[in-house]
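Novice: So here's data.cif, just mmCIF, C-alpha atoms:
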```cif
data_my_file
loop_
_atom_site.group_PDB
_atom_site.id
_atom_site.type_symbol
_atom_site.label_atom_id
_atom_site.label_comp_id
_atom_site.auth_asym_id
_atom_site.auth_seq_id
_atom_site.Cartn_x
_atom_site.Cartn_y
_atom_site.Cartn_z
ATOM 1 C CA MET A 1 -19.748 -29.191 13.809
ATOM 2 C CA ASN A 2 -22.309 -26.490 14.528
ATOM 3 C CA ALA A 3 -25.620 -28.272 15.107
ATOM 4 C CA ALA A 4 -27.602 -25.101 14.398
ATOM 5 C CA THR A 5 -26.309 -24.902 10.839
ATOM 6 C CA GLN A 6 -28.253 -26.439 7.978
ATOM 7 C CA TYR A 7 -26.039 -28.750 5.937
ATOM 8 C CA ARG A 8 -26.545 -30.215 2.502
ATOM 9 C CA VAL A 9 -25.821 -33.934 2.808
ATOM 10 C CA SER A 10 -24.637 -36.000 -0.146
ATOM 11 C CA TYR A 11 -23.329 -39.509 -0.738
ATOM 12 C CA ASP A 12 -20.588 -40.610 -3.077
ATOM 13 C CA LEU A 13 -21.595 -43.856 -4.793
ATOM 14 C CA GLY A 14 -18.484 -45.413 -3.283
ATOM 15 C CA CYS A 15 -20.106 -44.916 0.122
ATOM 16 C CA LEU A 16 -23.217 -46.766 -1.008
ATOM 17 C CA ARG A 17 -21.105 -49.594 -2.437
ATOM 18 C CA SER A 18 -19.219 -49.907 0.845
ATOM 19 C CA LEU A 19 -22.525 -50.246 2.721
ATOM 20 C CA LYS A 20 -23.525 -53.185 0.517
ATOM 21 C CA LYS A 21 -20.567 -55.159 1.868
ATOM 22 C CA LEU A 22 -21.511 -54.675 5.528
ATOM 23 C CA PRO A 23 -24.047 -56.457 7.761
ATOM 24 C CA ASP A 24 -27.633 -55.296 7.293
ATOM 25 C CA ARG A 25 -27.766 -54.046 10.877
ATOM 26 C CA ILE A 26 -24.963 -51.549 10.144
ATOM 27 C CA SER A 27 -26.692 -50.278 7.009
ATOM 28 C CA ALA A 28 -29.881 -49.881 9.048
ATOM 29 C CA LYS A 29 -28.065 -47.946 11.784
ATOM 30 C CA PHE A 30 -26.425 -45.674 9.235
ATOM 31 C CA LEU A 31 -29.742 -45.029 7.477
ATOM 32 C CA ASP A 32 -31.442 -44.248 10.787
ATOM 33 C CA MET A 33 -28.647 -41.841 11.726
ATOM 34 C CA MET A 34 -28.829 -40.099 8.343
ATOM 35 C CA THR A 35 -32.632 -39.903 8.371
ATOM 36 C CA ARG A 36 -32.707 -38.281 11.810
ATOM 37 C CA PHE A 37 -29.954 -35.862 10.834
ATOM 38 C CA MET A 38 -31.737 -34.961 7.605
ATOM 39 C CA SER A 39 -35.066 -34.379 9.368
ATOM 40 C CA ASP A 40 -33.620 -32.038 12.006
ATOM 41 C CA PRO A 41 -29.879 -31.271 11.944
ATOM 42 C CA SER A 42 -30.225 -28.889 14.898
ATOM 43 C CA ALA A 43 -31.540 -31.696 17.117
ATOM 44 C CA HIS A 44 -29.356 -34.516 15.833
ATOM 45 C CA GLY A 45 -25.938 -33.006 15.224
ATOM 46 C CA LEU A 46 -23.269 -35.532 14.310
ATOM 47 C CA ASN A 47 -19.965 -35.552 16.147
ATOM 48 C CA PHE A 48 -17.394 -35.429 13.354
ATOM 49 C CA GLU A 49 -13.808 -36.086 14.358
ATOM 50 C CA SER A 50 -10.551 -35.426 12.554
ATOM 51 C CA VAL A 51 -8.732 -38.391 11.039
ATOM 52 C CA ARG A 52 -5.143 -38.643 12.182
ATOM 53 C CA GLY A 53 -2.701 -39.123 9.322
ATOM 54 C CA THR A 54 -4.801 -37.795 6.460
ATOM 55 C CA GLY A 55 -3.463 -34.911 4.400
ATOM 56 C CA ASP A 56 -6.966 -33.531 3.826
ATOM 57 C CA ARG A 57 -8.334 -31.639 6.815
ATOM 58 C CA GLY A 58 -11.859 -31.900 5.408
ATOM 59 C CA VAL A 59 -11.887 -35.696 5.784
ATOM 60 C CA LYS A 60 -13.673 -36.616 9.026
ATOM 61 C CA SER A 61 -15.039 -39.678 10.799
ATOM 62 C CA VAL A 62 -18.335 -40.156 12.605
ATOM 63 C CA ARG A 63 -19.316 -42.969 14.966
ATOM 64 C CA ILE A 64 -22.086 -45.351 13.882
ATOM 65 C CA ASP A 65 -21.636 -47.695 16.836
ATOM 66 C CA GLN A 66 -18.755 -49.060 18.869
ATOM 67 C CA GLY A 67 -17.314 -51.035 15.979
ATOM 68 C CA TYR A 68 -18.142 -49.035 12.835
ATOM 69 C CA ARG A 69 -17.344 -45.586 11.476
ATOM 70 C CA ALA A 70 -18.486 -43.489 8.526
ATOM 71 C CA ILE A 71 -16.010 -41.293 6.656
ATOM 72 C CA ALA A 72 -17.149 -37.938 5.297
ATOM 73 C CA PHE A 73 -15.782 -34.792 3.705
ATOM 74 C CA ILE A 74 -16.909 -31.464 5.160
ATOM 75 C CA THR A 75 -16.529 -28.043 3.602
ATOM 76 C CA GLY A 76 -18.701 -24.982 4.102
ATOM 77 C CA HIS A 77 -22.324 -26.103 4.332
ATOM 78 C CA ASP A 78 -21.720 -29.427 2.576
ATOM 79 C CA VAL A 79 -21.194 -32.878 4.072
ATOM 80 C CA MET A 80 -20.408 -35.667 1.604
ATOM 81 C CA PHE A 81 -20.237 -39.232 2.913
ATOM 82 C CA LEU A 82 -17.506 -41.279 1.264
ATOM 83 C CA HIS A 83 -17.137 -44.654 2.985
ATOM 84 C CA VAL A 84 -18.452 -46.885 5.778
ATOM 85 C CA ASN A 85 -16.508 -49.738 7.350
ATOM 86 C CA ASN A 86 -15.372 -51.274 10.603
ATOM 87 C CA HIS A 87 -13.341 -48.942 12.811
ATOM 88 C CA ASP A 88 -9.813 -49.913 11.756
ATOM 89 C CA ASP A 89 -10.509 -50.369 8.039
ATOM 90 C CA ALA A 90 -12.468 -47.112 7.874
ATOM 91 C CA TYR A 91 -9.549 -45.168 9.331
ATOM 92 C CA ARG A 92 -7.034 -46.885 7.054
ATOM 93 C CA TRP A 93 -9.208 -45.973 4.070
ATOM 94 C CA ALA A 94 -9.554 -42.359 5.225
ATOM 95 C CA GLU A 95 -5.839 -41.851 5.856
ATOM 96 C CA ARG A 96 -5.119 -42.361 2.161
ATOM 97 C CA ARG A 97 -7.951 -40.235 0.726
ATOM 98 C CA GLU A 98 -8.331 -36.613 -0.244
ATOM 99 C CA VAL A 99 -11.137 -34.788 -2.032
ATOM 100 C CA ARG A 100 -10.447 -32.418 -4.917
ATOM 101 C CA ILE A 101 -12.407 -30.030 -7.067
ATOM 102 C CA ASP A 102 -11.609 -30.770 -10.698
ATOM 103 C CA ALA A 103 -12.452 -27.835 -12.945
ATOM 104 C CA ALA A 104 -11.441 -29.839 -16.036
ATOM 105 C CA THR A 105 -14.240 -32.372 -15.523
ATOM 106 C CA ASN A 106 -16.530 -30.068 -13.515
ATOM 107 C CA GLY A 107 -16.618 -32.793 -10.887
ATOM 108 C CA ILE A 108 -15.503 -33.925 -7.446
ATOM 109 C CA ARG A 109 -12.589 -36.378 -7.348
ATOM 110 C CA VAL A 110 -12.000 -38.719 -4.398
ATOM 111 C CA VAL A 111 -8.333 -39.606 -4.682
ATOM 112 C CA GLU A 112 -6.245 -42.274 -3.014
ATOM 113 C CA ALA A 113 -3.010 -40.482 -2.198
ATOM 114 C CA VAL A 114 0.244 -42.302 -2.940
ATOM 115 C CA GLU A 115 3.905 -41.432 -2.757
ATOM 116 C CA VAL A 116 3.980 -40.120 -6.302
ATOM 117 C CA GLU A 117 7.734 -39.742 -6.777
ATOM 118 C CA LYS A 118 8.382 -43.220 -5.438
ATOM 119 C CA GLU A 119 5.582 -45.117 -7.155
ATOM 120 C CA VAL A 120 5.052 -43.247 -10.394
ATOM 121 C CA GLY A 121 8.602 -44.107 -11.351
ATOM 122 C CA THR A 122 7.314 -47.629 -11.825
ATOM 123 C CA ALA A 123 4.323 -46.365 -13.793
ATOM 124 C CA LYS A 124 6.460 -44.411 -16.231
ATOM 125 C CA THR A 125 7.667 -47.486 -18.007
ATOM 126 C CA THR A 126 7.096 -47.843 -21.709
ATOM 127 C CA ALA A 127 3.599 -48.918 -22.641
ATOM 128 C CA ALA A 128 4.971 -52.167 -24.052
ATOM 129 C CA ASP A 129 6.302 -53.139 -20.602
ATOM 130 C CA ALA A 130 2.950 -52.616 -18.895
ATOM 131 C CA PRO A 131 0.394 -55.360 -18.161
ATOM 132 C CA ALA A 132 -1.940 -56.225 -20.981
ATOM 133 C CA LEU A 133 -5.172 -54.277 -20.473
ATOM 134 C CA LEU A 134 -3.958 -50.758 -21.316
ATOM 135 C CA ALA A 135 -0.454 -51.571 -22.543
ATOM 136 C CA ALA A 136 -0.887 -49.632 -25.776
ATOM 137 C CA ILE A 137 -1.917 -46.398 -24.049
ATOM 138 C CA PRO A 138 0.946 -44.166 -22.838
ATOM 139 C CA ASP A 139 0.826 -42.197 -19.598
ATOM 140 C CA GLU A 140 0.527 -38.893 -21.452
ATOM 141 C CA ARG A 141 -2.733 -39.943 -23.085
ATOM 142 C CA LEU A 142 -4.150 -41.231 -19.801
ATOM 143 C CA LEU A 143 -3.346 -37.951 -18.060
ATOM 144 C CA ALA A 144 -4.816 -35.890 -20.907
ATOM 145 C CA LEU A 145 -8.076 -37.827 -20.608
ATOM 146 C CA GLY A 146 -8.344 -37.149 -16.874
ATOM 147 C CA ILE A 147 -6.585 -40.019 -15.100
ATOM 148 C CA LEU A 148 -4.851 -38.618 -12.026
ATOM 149 C CA THR A 149 -1.084 -38.861 -11.649
ATOM 150 C CA GLU A 150 -1.459 -40.736 -8.365
ATOM 151 C CA GLU A 151 -3.486 -43.419 -10.121
ATOM 152 C CA LEU A 152 -0.960 -44.318 -12.821
ATOM 153 C CA PRO A 153 0.735 -47.063 -10.768
ATOM 154 C CA LYS A 154 -2.618 -48.776 -10.231
ATOM 155 C CA VAL A 155 -3.546 -48.419 -13.906
ATOM 156 C CA ARG A 156 -0.336 -50.154 -14.935
ATOM 157 C CA GLN A 157 -1.139 -53.092 -12.653
ATOM 158 C CA LEU A 158 -4.398 -53.909 -14.466
ATOM 159 C CA ARG A 159 -4.106 -57.140 -16.420
ATOM 160 C CA ASP A 160 -7.567 -57.627 -17.930
ATOM 161 C CA GLN A 161 -11.197 -56.501 -17.805
ATOM 162 C CA GLU A 162 -11.971 -58.631 -14.765
ATOM 163 C CA ASP A 163 -9.076 -56.995 -12.960
ATOM 164 C CA LEU A 164 -10.523 -53.574 -13.780
ATOM 165 C CA ASP A 165 -13.977 -54.624 -12.579
ATOM 166 C CA ARG A 166 -12.540 -55.800 -9.262
ATOM 167 C CA SER A 167 -10.614 -52.547 -8.861
ATOM 168 C CA GLN A 168 -13.558 -50.155 -9.115
ATOM 169 C CA ASP A 169 -13.309 -48.995 -5.501
ATOM 170 C CA ALA A 170 -9.580 -48.322 -5.875
ATOM 171 C CA PHE A 171 -10.157 -45.539 -8.418
ATOM 172 C CA ASP A 172 -11.902 -42.197 -8.376
ATOM 173 C CA ALA A 173 -15.317 -42.599 -10.047
ATOM 174 C CA THR A 174 -14.412 -40.406 -13.023
ATOM 175 C CA SER A 175 -11.126 -42.240 -13.517
ATOM 176 C CA TYR A 176 -12.891 -45.598 -13.428
ATOM 177 C CA ASN A 177 -15.329 -44.446 -16.120
ATOM 178 C CA ILE A 178 -12.404 -43.300 -18.276
ATOM 179 C CA LEU A 179 -10.579 -46.616 -17.865
ATOM 180 C CA PHE A 180 -13.725 -48.614 -18.562
ATOM 181 C CA ALA A 181 -14.334 -46.605 -21.742
ATOM 182 C CA LEU A 182 -10.727 -47.032 -22.886
ATOM 183 C CA ALA A 183 -10.927 -50.782 -22.353
ATOM 184 C CA ALA A 184 -14.168 -50.829 -24.360
ATOM 185 C CA GLY A 185 -12.501 -49.065 -27.282
ATOM 186 C CA TYR A 186 -14.061 -45.603 -27.002
ATOM 187 C CA SER A 187 -12.281 -42.796 -28.838
ATOM 188 C CA ASP A 188 -10.734 -39.904 -26.928
ATOM 189 C CA ALA A 189 -13.486 -37.582 -28.176
ATOM 190 C CA GLU A 190 -16.180 -39.982 -26.952
ATOM 191 C CA ILE A 191 -14.504 -40.260 -23.548
ATOM 192 C CA ARG A 192 -14.240 -36.484 -23.181
ATOM 193 C CA THR A 193 -17.949 -36.208 -23.922
ATOM 194 C CA LEU A 194 -18.701 -38.986 -21.439
ATOM 195 C CA VAL A 195 -16.878 -37.339 -18.536
ATOM 196 C CA GLY A 196 -17.334 -33.708 -19.571
ATOM 197 C CA ILE A 197 -13.714 -32.794 -20.328
ATOM 198 C CA LYS A 198 -13.230 -29.940 -22.775
ATOM 199 C CA SER A 199 -10.774 -30.451 -25.598
ATOM 200 C CA ALA A 200 -7.884 -28.047 -26.072
ATOM 201 C CA ASP A 201 -9.583 -26.174 -28.918
ATOM 202 C CA GLU A 202 -12.763 -25.454 -26.956
ATOM 203 C CA ASP A 203 -13.480 -22.175 -25.197
ATOM 204 C CA THR A 204 -10.708 -21.500 -22.706
ATOM 205 C CA GLU A 205 -12.066 -18.202 -21.384
ATOM 206 C CA GLU A 206 -10.707 -17.602 -17.907
ATOM 207 C CA LYS A 207 -13.364 -17.993 -15.237
ATOM 208 C CA ALA A 208 -13.470 -17.800 -11.467
ATOM 209 C CA ALA A 209 -12.381 -21.021 -9.774
ATOM 210 C CA PRO A 210 -15.465 -23.137 -8.983
ATOM 211 C CA THR A 211 -16.297 -23.951 -5.378
ATOM 212 C CA PHE A 212 -17.274 -27.321 -3.934
ATOM 213 C CA ALA A 213 -20.856 -26.061 -3.591
ATOM 214 C CA ASP A 214 -20.901 -25.146 -7.296
ATOM 215 C CA ILE A 215 -19.361 -28.382 -8.521
ATOM 216 C CA ILE A 216 -21.357 -30.844 -6.429
ATOM 217 C CA ALA A 217 -24.597 -29.600 -7.980
ATOM 218 C CA SER A 218 -23.301 -30.046 -11.548
ATOM 219 C CA ASP A 219 -24.660 -32.665 -13.929
ATOM 220 C CA GLU A 220 -21.209 -34.258 -14.067
ATOM 221 C CA SER A 221 -21.060 -34.728 -10.289
ATOM 222 C CA ARG A 222 -24.594 -36.086 -10.166
ATOM 223 C CA GLN A 223 -23.369 -39.093 -12.162
ATOM 224 C CA HIS A 224 -21.687 -40.463 -9.037
ATOM 225 C CA ILE A 225 -22.921 -38.322 -6.134
ATOM 226 C CA PHE A 226 -26.407 -38.711 -4.670
ATOM 227 C CA ILE A 227 -28.071 -35.701 -3.010
ATOM 228 C CA PRO A 228 -31.427 -36.728 -1.496
ATOM 229 C CA GLU A 229 -34.127 -34.083 -1.502
ATOM 230 C CA THR A 230 -36.489 -35.874 0.898
ATOM 231 C CA GLU A 231 -36.375 -38.573 3.574
ATOM 232 C CA ASP A 232 -38.449 -40.838 1.326
ATOM 233 C CA GLU A 233 -35.883 -40.501 -1.455
ATOM 234 C CA LEU A 234 -33.082 -41.287 0.986
ATOM 235 C CA ARG A 235 -34.871 -44.392 2.270
ATOM 236 C CA ARG A 236 -35.762 -45.557 -1.233
ATOM 237 C CA VAL A 237 -32.116 -45.536 -2.295
ATOM 238 C CA PHE A 238 -30.799 -47.139 0.889
ATOM 239 C CA GLU A 239 -33.509 -49.773 1.187
ATOM 240 C CA GLY A 240 -34.207 -50.599 -2.429
ATOM 241 C CA ASP A 241 -31.757 -49.162 -4.915
ATOM 242 C CA LEU A 242 -28.390 -50.107 -3.384
ATOM 243 C CA ALA A 243 -28.297 -53.078 -5.722
ATOM 244 C CA GLY A 244 -27.770 -50.673 -8.601
ATOM 245 C CA CYS A 245 -24.640 -49.074 -7.142
#
```
For this file, write the structure as structure tokens.

Specialist:
Amino acid sequence: MNAATQYRVSYDLGCLRSLKKLPDRISAKFLDMMTRFMSDPSAHGLNFESVRGTGDRGVKSVRIDQGYRAIAFITGHDVMFLHVNNHDDAYRWAERREVRIDAATNGIRVVEAVEVEKEVGTAKTTAADAPALLAAIPDERLLALGILTEELPKVRQLRDQEDLDRSQDAFDATSYNILFALAAGYSDAEIRTLVGIKSADEDTEEKAAPTFADIIASDESRQHIFIPETEDELRRVFEGDLAGC
């Protein structure tokens, strides 16, 4: 990573949730590292390393201390932190993740990759055979609303609302919002408005493919991605507002 380059640093809310589960000393070390990097990237360049086994070359790791690693996604002049955990668990998490630009939702999707052909075969059962929570909703409707194909097996394993609540970190943030809304009885139109998906009869004028830099600054992405403007804002979120993640 070129230390002379100015990078825009952002944090997926999943990263902030992962920090809440770790010892306070690790959160403090991570905050100190991020504050120094934000104040002067040219003097405090981070040593990002490739993650062996991941299919996404933008997914990198960075050392917090001997036992803990942060996982980030790097593209262009953007660095988005995704997860923090102990060394082995952080790498296991990273090996299964990839980051996508989703033009349909105008957002960034952090996806847990699965062997689709092998596992989705189980997901493509009839809705009546599925566990109770979303048994009445067929795969086609889930996909049309924005659930990712790779996530269908996990959706079909949900038994009740508590199961969904416990599974928040297993789903992309947009997908979790869709599932939560479905479980709460929202209509498809209400869900599309919630996550910013255009319906089929809306303007379909062909446009240039959006870039990561374009999408991450969108209102839709800001629902689950935090981009601090100042060190004070960064510290306020890390030291006081993590409880709201």

Novice: Which neighbours of stretch 93-101 of chain A fall inside 6 Å, counting all atoms listed in the file, when residues of the same chain fewer than 6 positions from it are skipped, and could you give them as a ChimeraX atom specification?

Specialist: /A:53-54,56,108-113

Novice: Quick one, how far is atom CA of A:Glu233 from atom CA of A:Leu31?

Specialist: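 Atom-to-atom, atom CA of A:Glu233 to atom CA of A:Leu31, that is 11.7 Å.
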
Novice: Name the residues that the PyMOL selection byres ((chain A and resi 224) around 12) picks from the file above, as a PyMOL selection string, using the file's chain letters and numbers.

Specialist: chain A and resi 10-17+80+82+107-110+172-177+195+216-223+225-227+244-245

Novice: Please produce a file of the residues just selected, as a compact mmCIF listing (two decimals), in the frame of the given file, where the atoms kept are C-alpha atoms.

Specialist:
```txt
# COMPACT_ATOMS: atom_id res chain seq x y z
CA SER A 10 -24.64 -36.00 -0.15
CA TYR A 11 -23.33 -39.51 -0.74
CA ASP A 12 -20.59 -40.61 -3.08
CA LEU A 13 -21.60 -43.86 -4.79
CA GLY A 14 -18.48 -45.41 -3.28
CA CYS A 15 -20.11 -44.92 0.12
CA LEU A 16 -23.22 -46.77 -1.01
CA ARG A 17 -21.10 -49.59 -2.44
CA MET A 80 -20.41 -35.67 1.60
CA LEU A 82 -17.51 -41.28 1.26
CA GLY A 107 -16.62 -32.79 -10.89
CA ILE A 108 -15.50 -33.92 -7.45
CA ARG A 109 -12.59 -36.38 -7.35
CA VAL A 110 -12.00 -38.72 -4.40
CA ASP A 172 -11.90 -42.20 -8.38
CA ALA A 173 -15.32 -42.60 -10.05
CA THR A 174 -14.41 -40.41 -13.02
CA SER A 175 -11.13 -42.24 -13.52
CA TYR A 176 -12.89 -45.60 -13.43
CA ASN A 177 -15.33 -44.45 -16.12
CA VAL A 195 -16.88 -37.34 -18.54
CA ILE A 216 -21.36 -30.84 -6.43
CA ALA A 217 -24.60 -29.60 -7.98
CA SER A 218 -23.30 -30.05 -11.55
CA ASP A 219 -24.66 -32.66 -13.93
CA GLU A 220 -21.21 -34.26 -14.07
CA SER A 221 -21.06 -34.73 -10.29
CA ARG A 222 -24.59 -36.09 -10.17
CA GLN A 223 -23.37 -39.09 -12.16
CA ILE A 225 -22.92 -38.32 -6.13
CA PHE A 226 -26.41 -38.71 -4.67
CA ILE A 227 -28.07 -35.70 -3.01
CA GLY A 244 -27.77 -50.67 -8.60
CA CYS A 245 -24.64 -49.07 -7.14
```

Novice: List as a list in words the protein and nucleic acid residues near A:Asp163, meaning an atom at most 9 Å away when all atoms listed in the file are counted, but skip any in the same chain fewer than 5 places from it.

Specialist: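 With the cut-off at 9 Å, the set is Leu133, Gln157 and Leu158 of chain A.
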
Novice: May I ask which of the residues A:Leu234, A:Val79, A:Ile64, A:Ala72 is the closest one to A:Gln6, counting only C-alpha atoms?

Specialist: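 Among A:Leu234, A:Val79, A:Ile64, A:Ala72, it is A:Val79 that comes nearest to A:Gln6.
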
Novice: Using all atoms listed in the file, can you tell me which of A:Gly146, A:Ala132, A:Tyr91, A:Glu162 comes closest to A:Asp188?

Specialist: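 Nearest candidate to A:Asp188 out of A:Gly146, A:Ala132, A:Tyr91, A:Glu162: A:Gly146.
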
Novice: Just checking: using all atoms listed in the file, which residue out of A:Leu46, A:Val9, A:Ala144, A:Ala90 ends up closest to A:Asp78?

Specialist: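 With all atoms listed in the file as the atom set, the closest residue is A:Val9.
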
Novice: Could you check how far atom CA of A:Leu134 sits from atom CA of A:Asp169, in Å to one decimal?

Specialist: 18.5 Å

Novice: Is it possible to add N, CA and C atoms to stretch 214-239 of chain A and hand it back as a PDB file, in the frame of the given file?

Specialist:
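rebuild-v2.pdb was written with the following content:
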```
ATOM      1  N   ASP A 214     -20.546 -25.266  -5.878  1.00  0.00           N
ATOM      2  CA  ASP A 214     -20.901 -25.146  -7.296  1.00  0.00           C
ATOM      3  C   ASP A 214     -20.799 -26.498  -8.001  1.00  0.00           C
ATOM      4  N   ILE A 215     -19.671 -27.162  -7.781  1.00  0.00           N
ATOM      5  CA  ILE A 215     -19.361 -28.382  -8.521  1.00  0.00           C
ATOM      6  C   ILE A 215     -20.279 -29.535  -8.144  1.00  0.00           C
ATOM      7  N   ILE A 216     -20.595 -29.670  -6.861  1.00  0.00           N
ATOM      8  CA  ILE A 216     -21.357 -30.844  -6.429  1.00  0.00           C
ATOM      9  C   ILE A 216     -22.767 -30.847  -7.015  1.00  0.00           C
ATOM     10  N   ALA A 217     -23.258 -29.682  -7.394  1.00  0.00           N
ATOM     11  CA  ALA A 217     -24.597 -29.600  -7.980  1.00  0.00           C
ATOM     12  C   ALA A 217     -24.582 -29.762  -9.498  1.00  0.00           C
ATOM     13  N   SER A 218     -23.399 -29.948 -10.093  1.00  0.00           N
ATOM     14  CA  SER A 218     -23.301 -30.046 -11.548  1.00  0.00           C
ATOM     15  C   SER A 218     -23.823 -31.389 -12.049  1.00  0.00           C
ATOM     16  N   ASP A 219     -24.193 -31.417 -13.325  1.00  0.00           N
ATOM     17  CA  ASP A 219     -24.660 -32.665 -13.929  1.00  0.00           C
ATOM     18  C   ASP A 219     -23.570 -33.732 -13.895  1.00  0.00           C
ATOM     19  N   GLU A 220     -22.315 -33.303 -14.070  1.00  0.00           N
ATOM     20  CA  GLU A 220     -21.209 -34.258 -14.067  1.00  0.00           C
ATOM     21  C   GLU A 220     -21.073 -34.936 -12.704  1.00  0.00           C
ATOM     22  N   SER A 221     -21.172 -34.149 -11.626  1.00  0.00           N
ATOM     23  CA  SER A 221     -21.060 -34.728 -10.289  1.00  0.00           C
ATOM     24  C   SER A 221     -22.234 -35.630  -9.965  1.00  0.00           C
ATOM     25  N   ARG A 222     -23.405 -35.283 -10.464  1.00  0.00           N
ATOM     26  CA  ARG A 222     -24.594 -36.086 -10.166  1.00  0.00           C
ATOM     27  C   ARG A 222     -24.507 -37.496 -10.747  1.00  0.00           C
ATOM     28  N   GLN A 223     -23.539 -37.744 -11.630  1.00  0.00           N
ATOM     29  CA  GLN A 223     -23.369 -39.093 -12.162  1.00  0.00           C
ATOM     30  C   GLN A 223     -22.893 -40.063 -11.089  1.00  0.00           C
ATOM     31  N   HIS A 224     -22.199 -39.553 -10.065  1.00  0.00           N
ATOM     32  CA  HIS A 224     -21.687 -40.463  -9.037  1.00  0.00           C
ATOM     33  C   HIS A 224     -21.855 -39.927  -7.620  1.00  0.00           C
ATOM     34  N   ILE A 225     -22.628 -38.857  -7.463  1.00  0.00           N
ATOM     35  CA  ILE A 225     -22.921 -38.322  -6.134  1.00  0.00           C
ATOM     36  C   ILE A 225     -24.430 -38.171  -5.994  1.00  0.00           C
ATOM     37  N   PHE A 226     -24.965 -38.717  -4.918  1.00  0.00           N
ATOM     38  CA  PHE A 226     -26.407 -38.711  -4.670  1.00  0.00           C
ATOM     39  C   PHE A 226     -26.726 -37.661  -3.611  1.00  0.00           C
ATOM     40  N   ILE A 227     -27.635 -36.728  -3.951  1.00  0.00           N
ATOM     41  CA  ILE A 227     -28.071 -35.701  -3.010  1.00  0.00           C
ATOM     42  C   ILE A 227     -29.575 -35.866  -2.803  1.00  0.00           C
ATOM     43  N   PRO A 228     -29.991 -36.506  -1.713  1.00  0.00           N
ATOM     44  CA  PRO A 228     -31.427 -36.728  -1.496  1.00  0.00           C
ATOM     45  C   PRO A 228     -32.145 -35.424  -1.183  1.00  0.00           C
ATOM     46  N   GLU A 229     -33.319 -35.275  -1.751  1.00  0.00           N
ATOM     47  CA  GLU A 229     -34.127 -34.083  -1.502  1.00  0.00           C
ATOM     48  C   GLU A 229     -35.114 -34.302  -0.362  1.00  0.00           C
ATOM     49  N   THR A 230     -35.510 -35.557  -0.141  1.00  0.00           N
ATOM     50  CA  THR A 230     -36.489 -35.874   0.898  1.00  0.00           C
ATOM     51  C   THR A 230     -36.053 -37.130   1.649  1.00  0.00           C
ATOM     52  N   GLU A 231     -36.654 -37.352   2.818  1.00  0.00           N
ATOM     53  CA  GLU A 231     -36.375 -38.573   3.574  1.00  0.00           C
ATOM     54  C   GLU A 231     -36.829 -39.806   2.798  1.00  0.00           C
ATOM     55  N   ASP A 232     -37.952 -39.702   2.102  1.00  0.00           N
ATOM     56  CA  ASP A 232     -38.449 -40.838   1.326  1.00  0.00           C
ATOM     57  C   ASP A 232     -37.454 -41.226   0.236  1.00  0.00           C
ATOM     58  N   GLU A 233     -36.866 -40.222  -0.411  1.00  0.00           N
ATOM     59  CA  GLU A 233     -35.883 -40.501  -1.455  1.00  0.00           C
ATOM     60  C   GLU A 233     -34.648 -41.171  -0.860  1.00  0.00           C
ATOM     61  N   LEU A 234     -34.227 -40.689   0.298  1.00  0.00           N
ATOM     62  CA  LEU A 234     -33.082 -41.287   0.986  1.00  0.00           C
ATOM     63  C   LEU A 234     -33.360 -42.745   1.323  1.00  0.00           C
ATOM     64  N   ARG A 235     -34.526 -43.020   1.890  1.00  0.00           N
ATOM     65  CA  ARG A 235     -34.871 -44.392   2.270  1.00  0.00           C
ATOM     66  C   ARG A 235     -35.017 -45.285   1.039  1.00  0.00           C
ATOM     67  N   ARG A 236     -35.571 -44.750  -0.029  1.00  0.00           N
ATOM     68  CA  ARG A 236     -35.762 -45.557  -1.233  1.00  0.00           C
ATOM     69  C   ARG A 236     -34.423 -46.039  -1.783  1.00  0.00           C
ATOM     70  N   VAL A 237     -33.436 -45.159  -1.785  1.00  0.00           N
ATOM     71  CA  VAL A 237     -32.116 -45.536  -2.295  1.00  0.00           C
ATOM     72  C   VAL A 237     -31.444 -46.532  -1.362  1.00  0.00           C
ATOM     73  N   PHE A 238     -31.478 -46.266  -0.062  1.00  0.00           N
ATOM     74  CA  PHE A 238     -30.799 -47.139   0.889  1.00  0.00           C
ATOM     75  C   PHE A 238     -31.475 -48.501   1.005  1.00  0.00           C
ATOM     76  N   GLU A 239     -32.793 -48.523   0.944  1.00  0.00           N
ATOM     77  CA  GLU A 239     -33.509 -49.773   1.187  1.00  0.00           C
ATOM     78  C   GLU A 239     -33.803 -50.561  -0.080  1.00  0.00           C
TER      79      GLU A 239
END
```
